[in-house]
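Enquirer: Input structure: coords.cif, which contains mmCIF, C-alpha atoms.
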data_protein
#
loop_
_atom_site.label_atom_id
_atom_site.label_comp_id
_atom_site.auth_asym_id
_atom_site.auth_seq_id
_atom_site.Cartn_x
_atom_site.Cartn_y
_atom_site.Cartn_z
CA MET J 1 239.77 21.66 108.48
CA SER J 2 236.48 23.35 107.79
CA VAL J 3 235.78 24.39 104.23
CA SER J 4 233.24 27.02 103.21
CA SER J 5 231.47 27.39 99.93
CA GLU J 6 228.96 29.89 98.59
CA THR J 7 226.96 30.32 95.43
CA ALA J 8 223.92 32.20 94.17
CA VAL J 9 221.02 30.65 92.29
CA VAL J 10 218.29 32.41 90.32
CA LEU J 11 215.12 30.43 90.97
CA PRO J 12 213.27 29.23 87.87
CA ALA J 13 210.17 28.56 90.00
CA HIS J 14 208.73 29.42 93.41
CA LEU J 15 210.45 27.63 96.29
CA HIS J 16 207.24 25.86 97.35
CA ALA J 17 206.61 22.54 99.08
CA ARG J 18 207.89 20.01 96.57
CA PRO J 19 211.20 21.72 95.70
CA ALA J 20 211.72 22.45 99.40
CA GLY J 21 211.42 18.73 100.07
CA GLN J 22 213.97 18.04 97.34
CA VAL J 23 216.33 20.60 98.87
CA VAL J 24 216.22 18.74 102.19
CA GLN J 25 216.84 15.41 100.46
CA ALA J 26 219.85 16.86 98.67
CA ALA J 27 221.32 18.64 101.71
CA ALA J 28 220.95 15.61 103.97
CA ARG J 29 223.37 13.57 101.87
CA PHE J 30 226.30 15.70 103.04
CA GLN J 31 228.05 16.35 106.30
CA ALA J 32 228.26 20.07 105.59
CA GLU J 33 225.63 22.40 107.01
CA VAL J 34 223.92 24.25 104.17
CA GLU J 35 222.07 27.53 104.61
CA ILE J 36 219.82 29.31 102.16
CA GLU J 37 219.54 33.07 102.37
CA TYR J 38 216.76 35.05 100.77
CA ALA J 39 215.78 38.67 101.42
CA GLY J 40 217.65 38.82 104.71
CA LYS J 41 216.17 35.54 105.99
CA VAL J 42 218.31 32.46 106.49
CA ALA J 43 217.06 28.87 106.57
CA ASN J 44 218.87 25.64 107.33
CA ALA J 45 218.52 23.54 104.17
CA ARG J 46 217.49 20.50 106.24
CA GLY J 47 214.38 22.20 107.58
CA VAL J 48 211.61 21.95 105.03
CA LEU J 49 209.32 24.40 106.84
CA ALA J 50 212.03 27.02 107.21
CA VAL J 51 212.96 26.65 103.53
CA MET J 52 209.32 27.14 102.51
CA ALA J 53 208.95 30.07 104.91
CA LEU J 54 211.64 31.97 103.03
CA GLY J 55 208.89 32.71 100.54
CA ALA J 56 211.38 32.83 97.69
CA THR J 57 209.65 33.39 94.37
CA ALA J 58 210.48 32.61 90.76
CA GLY J 59 213.05 34.92 89.20
CA THR J 60 214.64 35.94 92.49
CA THR J 61 218.08 35.00 93.73
CA VAL J 62 218.91 32.91 96.77
CA THR J 63 222.38 32.51 98.22
CA LEU J 64 223.62 29.11 99.35
CA ARG J 65 226.33 28.84 101.97
CA ALA J 66 227.86 25.69 103.35
CA SER J 67 230.60 24.83 105.76
CA GLY J 68 232.05 21.42 106.40
CA PRO J 69 234.37 18.94 104.73
CA ASP J 70 232.10 18.46 101.70
CA ALA J 71 230.81 22.04 101.54
CA ALA J 72 231.45 22.52 97.81
CA GLU J 73 229.68 19.29 96.85
CA ALA J 74 226.76 20.11 99.15
CA VAL J 75 226.30 23.57 97.64
CA ASP J 76 226.48 22.11 94.13
CA ALA J 77 223.85 19.47 94.95
CA VAL J 78 221.40 21.94 96.48
CA ALA J 79 222.02 24.45 93.67
CA ALA J 80 221.26 21.73 91.12
CA VAL J 81 217.92 20.96 92.79
CA LEU J 82 216.97 24.64 92.96
CA SER J 83 218.00 25.27 89.35
CA ALA J 84 215.84 22.37 88.18
CA ALA J 85 212.77 23.29 90.27
CA SER J 86 209.49 23.60 88.41
CA MET N 1 218.67 -1.22 102.96
CA THR N 2 217.73 1.87 104.92
CA ARG N 3 214.88 1.52 107.35
CA PHE N 4 212.70 4.59 107.57
CA VAL N 5 210.86 5.93 110.58
CA GLY N 6 207.15 5.21 110.16
CA ILE N 7 204.60 8.00 110.54
CA VAL N 8 201.01 7.55 111.71
CA LEU N 9 198.52 10.35 111.17
CA VAL N 10 195.61 10.24 113.62
CA SER N 11 192.67 12.43 112.73
CA HIS N 12 188.95 12.78 113.35
CA SER N 13 188.48 12.64 109.61
CA ALA N 14 189.55 9.80 107.32
CA GLU N 15 189.74 12.26 104.43
CA LEU N 16 191.92 14.68 106.37
CA ALA N 17 194.41 11.97 107.32
CA ALA N 18 194.38 10.48 103.82
CA GLY N 19 194.83 13.88 102.19
CA LEU N 20 197.78 14.72 104.41
CA ARG N 21 199.27 11.32 103.66
CA GLU N 22 199.03 12.10 99.94
CA LEU N 23 200.76 15.46 100.47
CA LEU N 24 203.59 13.83 102.43
CA SER N 25 204.21 11.30 99.70
CA GLN N 26 204.48 14.13 97.16
CA VAL N 27 206.92 16.17 99.20
CA GLY N 28 208.79 13.48 101.12
CA GLY N 29 209.01 10.78 98.51
CA ALA N 30 207.38 7.42 98.00
CA SER N 31 209.94 5.46 100.01
CA LEU N 32 208.36 6.60 103.24
CA THR N 33 205.83 4.64 105.33
CA VAL N 34 202.95 6.92 106.25
CA GLU N 35 199.76 5.37 107.62
CA ALA N 36 196.50 7.27 107.96
CA ALA N 37 194.23 6.46 110.91
CA GLY N 38 191.31 8.83 110.49
CA GLY N 39 187.66 8.55 111.46
CA THR N 40 185.69 5.91 113.30
CA ASP N 41 185.42 2.21 112.44
CA GLU N 42 182.22 3.09 110.58
CA GLY N 43 183.89 5.86 108.58
CA GLY N 44 182.34 8.73 110.53
CA ILE N 45 183.98 11.68 112.25
CA GLY N 46 185.86 10.54 115.35
CA THR N 47 188.72 8.26 116.20
CA SER N 48 189.13 4.53 116.44
CA TYR N 49 191.41 2.68 118.85
CA ASP N 50 191.56 -0.29 116.47
CA LEU N 51 192.42 1.80 113.41
CA VAL N 52 195.18 3.65 115.28
CA ARG N 53 196.63 0.46 116.68
CA ALA N 54 196.58 -1.27 113.28
CA ALA N 55 198.21 1.76 111.63
CA ILE N 56 201.03 1.79 114.18
CA GLU N 57 201.69 -1.90 113.69
CA LYS N 58 201.70 -1.44 109.90
CA ALA N 59 204.02 1.59 110.06
CA ASP N 60 206.61 -0.12 112.24
CA GLY N 61 209.46 -1.12 109.96
CA GLY N 62 212.00 -1.38 112.76
CA ALA N 63 213.23 2.23 112.84
CA GLY N 64 210.48 3.50 115.14
CA VAL N 65 207.09 5.10 114.67
CA LEU N 66 206.09 8.72 115.12
CA VAL N 67 202.40 9.17 115.93
CA LEU N 68 200.90 12.57 115.20
CA PRO N 69 197.34 13.29 116.41
CA ASP N 70 195.35 16.27 115.14
CA LEU N 71 193.53 17.31 118.34
CA GLY N 72 191.12 16.32 121.10
CA SER N 73 190.11 12.69 121.07
CA SER N 74 192.83 11.88 118.52
CA VAL N 75 195.30 12.65 121.28
CA LEU N 76 193.39 10.59 123.85
CA THR N 77 192.96 7.61 121.53
CA ALA N 78 196.61 7.67 120.44
CA ARG N 79 197.66 7.83 124.10
CA ALA N 80 195.43 4.89 125.00
CA VAL N 81 196.98 2.79 122.24
CA LEU N 82 200.50 3.78 123.23
CA ASP N 83 199.79 2.93 126.88
CA ASP N 84 198.79 -0.57 125.82
CA ILE N 85 201.61 -1.33 123.41
CA ALA N 86 204.26 0.41 125.57
CA THR N 87 207.14 0.20 123.10
CA PRO N 88 209.94 2.78 123.38
CA GLY N 89 210.16 2.90 119.58
CA VAL N 90 206.65 4.33 119.24
CA VAL N 91 206.20 7.93 120.32
CA ILE N 92 203.39 10.47 120.22
CA VAL N 93 204.43 13.96 119.16
CA ASP N 94 203.00 17.31 120.19
CA ALA N 95 203.17 19.31 116.97
CA PRO N 96 200.96 21.03 114.39
CA PHE N 97 199.27 18.34 112.30
CA VAL N 98 200.17 19.45 108.78
CA GLU N 99 203.46 21.23 109.39
CA GLY N 100 204.72 18.71 111.93
CA ALA N 101 203.89 15.76 109.71
CA LEU N 102 205.57 17.38 106.73
CA ALA N 103 208.73 18.29 108.62
CA ALA N 104 209.00 14.79 110.08
CA ALA N 105 208.24 13.06 106.79
CA VAL N 106 210.79 15.00 104.77
CA ILE N 107 213.58 14.40 107.26
CA ALA N 108 212.55 10.75 107.80
CA ALA N 109 212.76 10.20 104.04
CA THR N 110 216.46 11.06 104.21
CA GLY N 111 216.97 8.08 106.53
CA ALA N 112 217.06 10.17 109.73
CA ASP N 113 216.40 8.38 113.02
CA LEU N 114 213.31 8.64 115.22
CA ALA N 115 214.76 11.30 117.54
CA THR N 116 215.62 13.53 114.57
CA ALA N 117 212.15 13.11 113.05
CA VAL N 118 210.52 13.91 116.41
CA ALA N 119 212.69 17.01 116.79
CA ALA N 120 211.77 18.15 113.27
CA ALA N 121 208.06 17.77 114.01
CA GLU N 122 208.37 19.63 117.32
CA GLU N 123 210.32 22.45 115.67
CA ALA N 124 207.25 23.01 113.52
CA ARG N 125 205.61 24.61 116.56
CA ASP N 126 207.98 27.57 116.19
CA VAL N 127 208.32 27.96 112.44
CA ARG N 128 206.19 30.82 111.16
CA LYS N 129 204.73 30.45 107.73
CA LEU N 130 204.82 34.16 106.90
#
Show the structure stored in the file as structure tokens.
Expert:
Amino acid sequence: MSVSSETAVVLPAHLHARPAGQVVQAAARFQAEVEIEYAGKVANARGVLAVMALGATAGTTVTLRASGPDAAEAVDAVAAVLSAAS
Amino acid sequence: MTRFVGIVLVSHSAELAAGLRELLSQVGGASLTVEAAGGTDEGGIGTSYDLVRAAIEKADGGAGVLVLPDLGSSVLTARAVLDDIATPGVVIVDAPFVEGALAAAVIAATGADLATAVAAAEEARDVRKL
């Protein structure tokens, strides 16, 4: 059975290179596919260039969506990385 | 223990390769093996067969090596080395130098295999930065 999960995160910092790398590290630990949506653009959370190319800036909101057996855990892990970005 | 795909950066400039290596370690994590093979044997602008070959041997931890040249003679030198060592686990990738290296390094640091790292680097050809 496929499970979906979604959450929104307000970014404390720009989603630049280092946090984007941490997002990939976090997302890769799960089977679920995680997507990040920002301003109408969607990036696979395992693609560091696509995540950076979202151009998401501090104070804005991104939406995380995951589907897969561990979707909820995957969304939580990526949300935690984004919430802690500096 | 996880074995990581090794990455070799081949550039005309030692500083360019070393600087990119530093960036990759910041974004991808310190667990990764990234070797810089930039410049000539004398430290000038150009490429060195011996430096590239040594870097590949050093980067090979058993999970394969991805070789990324910047342009021109970097490509030719990397190809010459690969022709001589002829190991299926060492591949040269056609991708943008900075973006391709970063995409490969970040995914390799998660323990991804060589084919996945190569695909990530090649995808960098199509990812717009704006």
Enquirer: Care to translate the PyMOL selection byres ((chain N) within 8 of (chain J)) into actual residues of this file, as a list in words?
Expert: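 Those residues are Gln26, Val27, Gly28, Glu99, Leu102, Ala103, Val106, Ile107, Ala109, Thr110, Ala120, Ala124, Val127, Arg128, Lys129 and Leu130 of chain N.
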Enquirer: Let me have the centre and edge lengths of the axis-aligned box enclosing all listed atoms of region 21-38 of chain J with 8 Å padding on every side, in Å to one decimal, as AutoDock Vina command-line options.
Expert:
--center_x 219.8 --center_y 24.3 --center_z 102.2 --size_x 32.8 --size_y 37.5 --size_z 25.7
Enquirer: If we count all atoms listed in the file, what is near Glu42 (chain N) at a cut-off of 12 Å, once residues fewer than 5 positions away on the same chain are taken out, given as a ChimeraX atom specification?
Expert: /N:13-14,47-48,50-51
Enquirer: I need every residue sitting at most 10 Å from the point (187.9, 14.3, 107.2) (coordinates as in the file, only C-alpha atoms considered), written as JSON, numbers by chain.
Expert: {"N": [11, 12, 13, 14, 15, 16, 17, 18, 19, 38, 39, 43, 44, 45, 46]}
Enquirer: Name all residues at most 8 Å from region 66-77 of chain N (count all atoms listed in the file; drop same-chain ones fewer than 5 positions away) and give them as a list in words.
Expert: Val5, Gly6, Ile7, Val8, Leu9, Val10, Ser11, His12, Gly46, Thr47, Ser48, Tyr49, Val52, Ile56, Val90, Val91, Ile92, Val93, Asp94, Ala95, Pro96, Phe97, Gly100, Ala101, Leu114, Ala117 and Val118 of chain N
Enquirer: As an exercise, work out the distance from CA of Val81 (chain J) to CA of Leu15 (chain J) in Å and give it to one decimal place.
Expert: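 Between these atoms lies a distance of 10.6 Å.
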Enquirer: Residues proximal to (217.2, 39.1, 96.3) were defined as those with any atom within 9 Å of that point in the file's coordinates, counting only C-alpha atoms. Which are they, as JSON, numbers by chain?
Expert: {"J": [37, 38, 39, 40, 56, 60, 61, 62, 63]}
Enquirer: Can I get the selection written as a PDB file, in the frame of the given file, with C-alpha atoms?
Expert:
ATOM      1  CA  GLU J  37     219.540  33.070 102.370  1.00  0.00           C
ATOM      2  CA  TYR J  38     216.760  35.050 100.770  1.00  0.00           C
ATOM      3  CA  ALA J  39     215.780  38.670 101.420  1.00  0.00           C
ATOM      4  CA  GLY J  40     217.650  38.820 104.710  1.00  0.00           C
ATOM      5  CA  ALA J  56     211.380  32.830  97.690  1.00  0.00           C
ATOM      6  CA  THR J  60     214.640  35.940  92.490  1.00  0.00           C
ATOM      7  CA  THR J  61     218.080  35.000  93.730  1.00  0.00           C
ATOM      8  CA  VAL J  62     218.910  32.910  96.770  1.00  0.00           C
ATOM      9  CA  THR J  63     222.380  32.510  98.220  1.00  0.00           C
TER      10      THR J  63
END
Enquirer: Hey, can you check how far CA of Ala80 (chain N) sits from CA of Ala112 (chain N)?
Expert: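 A separation of 27.0 Å between them.
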Enquirer: Counting all atoms listed in the file, which residue out of N:Val34, N:Arg21, N:Arg53, N:Ala115 sits closest to Asp83 (chain N)?
Expert: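 Smallest distance to Asp83 (chain N) is found for N:Arg53.
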Enquirer: Write out as a VMD selection string each polymer residue whose atoms come within 8 Å of Phe30 (chain J), counting all atoms listed in the file; drop sequence neighbours fewer than 4 positions from it.
Expert: chain J and resid 26 70 to 71 73 to 74
Enquirer: I would like the residues chosen by the PyMOL selection byres ((chain J and resi 8) around 12) on the shown file; could you give them as an mmCIF file with C-alpha atoms, keeping the file's coordinate frame?
Expert:
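Here's the written file part_24.cif:
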data_model
loop_
_atom_site.group_PDB
_atom_site.id
_atom_site.type_symbol
_atom_site.label_atom_id
_atom_site.label_comp_id
_atom_site.auth_asym_id
_atom_site.auth_seq_id
_atom_site.Cartn_x
_atom_site.Cartn_y
_atom_site.Cartn_z
ATOM 1 C CA SER J 5 231.470 27.390 99.930
ATOM 2 C CA GLU J 6 228.960 29.890 98.590
ATOM 3 C CA THR J 7 226.960 30.320 95.430
ATOM 4 C CA VAL J 9 221.020 30.650 92.290
ATOM 5 C CA VAL J 10 218.290 32.410 90.320
ATOM 6 C CA LEU J 11 215.120 30.430 90.970
ATOM 7 C CA GLU J 35 222.070 27.530 104.610
ATOM 8 C CA ILE J 36 219.820 29.310 102.160
ATOM 9 C CA GLU J 37 219.540 33.070 102.370
ATOM 10 C CA TYR J 38 216.760 35.050 100.770
ATOM 11 C CA THR J 60 214.640 35.940 92.490
ATOM 12 C CA THR J 61 218.080 35.000 93.730
ATOM 13 C CA VAL J 62 218.910 32.910 96.770
ATOM 14 C CA THR J 63 222.380 32.510 98.220
ATOM 15 C CA LEU J 64 223.620 29.110 99.350
ATOM 16 C CA ARG J 65 226.330 28.840 101.970
ATOM 17 C CA ALA J 66 227.860 25.690 103.350
ATOM 18 C CA VAL J 75 226.300 23.570 97.640
ATOM 19 C CA ASP J 76 226.480 22.110 94.130
ATOM 20 C CA VAL J 78 221.400 21.940 96.480
ATOM 21 C CA ALA J 79 222.020 24.450 93.670
ATOM 22 C CA ALA J 80 221.260 21.730 91.120
ATOM 23 C CA LEU J 82 216.970 24.640 92.960
ATOM 24 C CA SER J 83 218.000 25.270 89.350
#
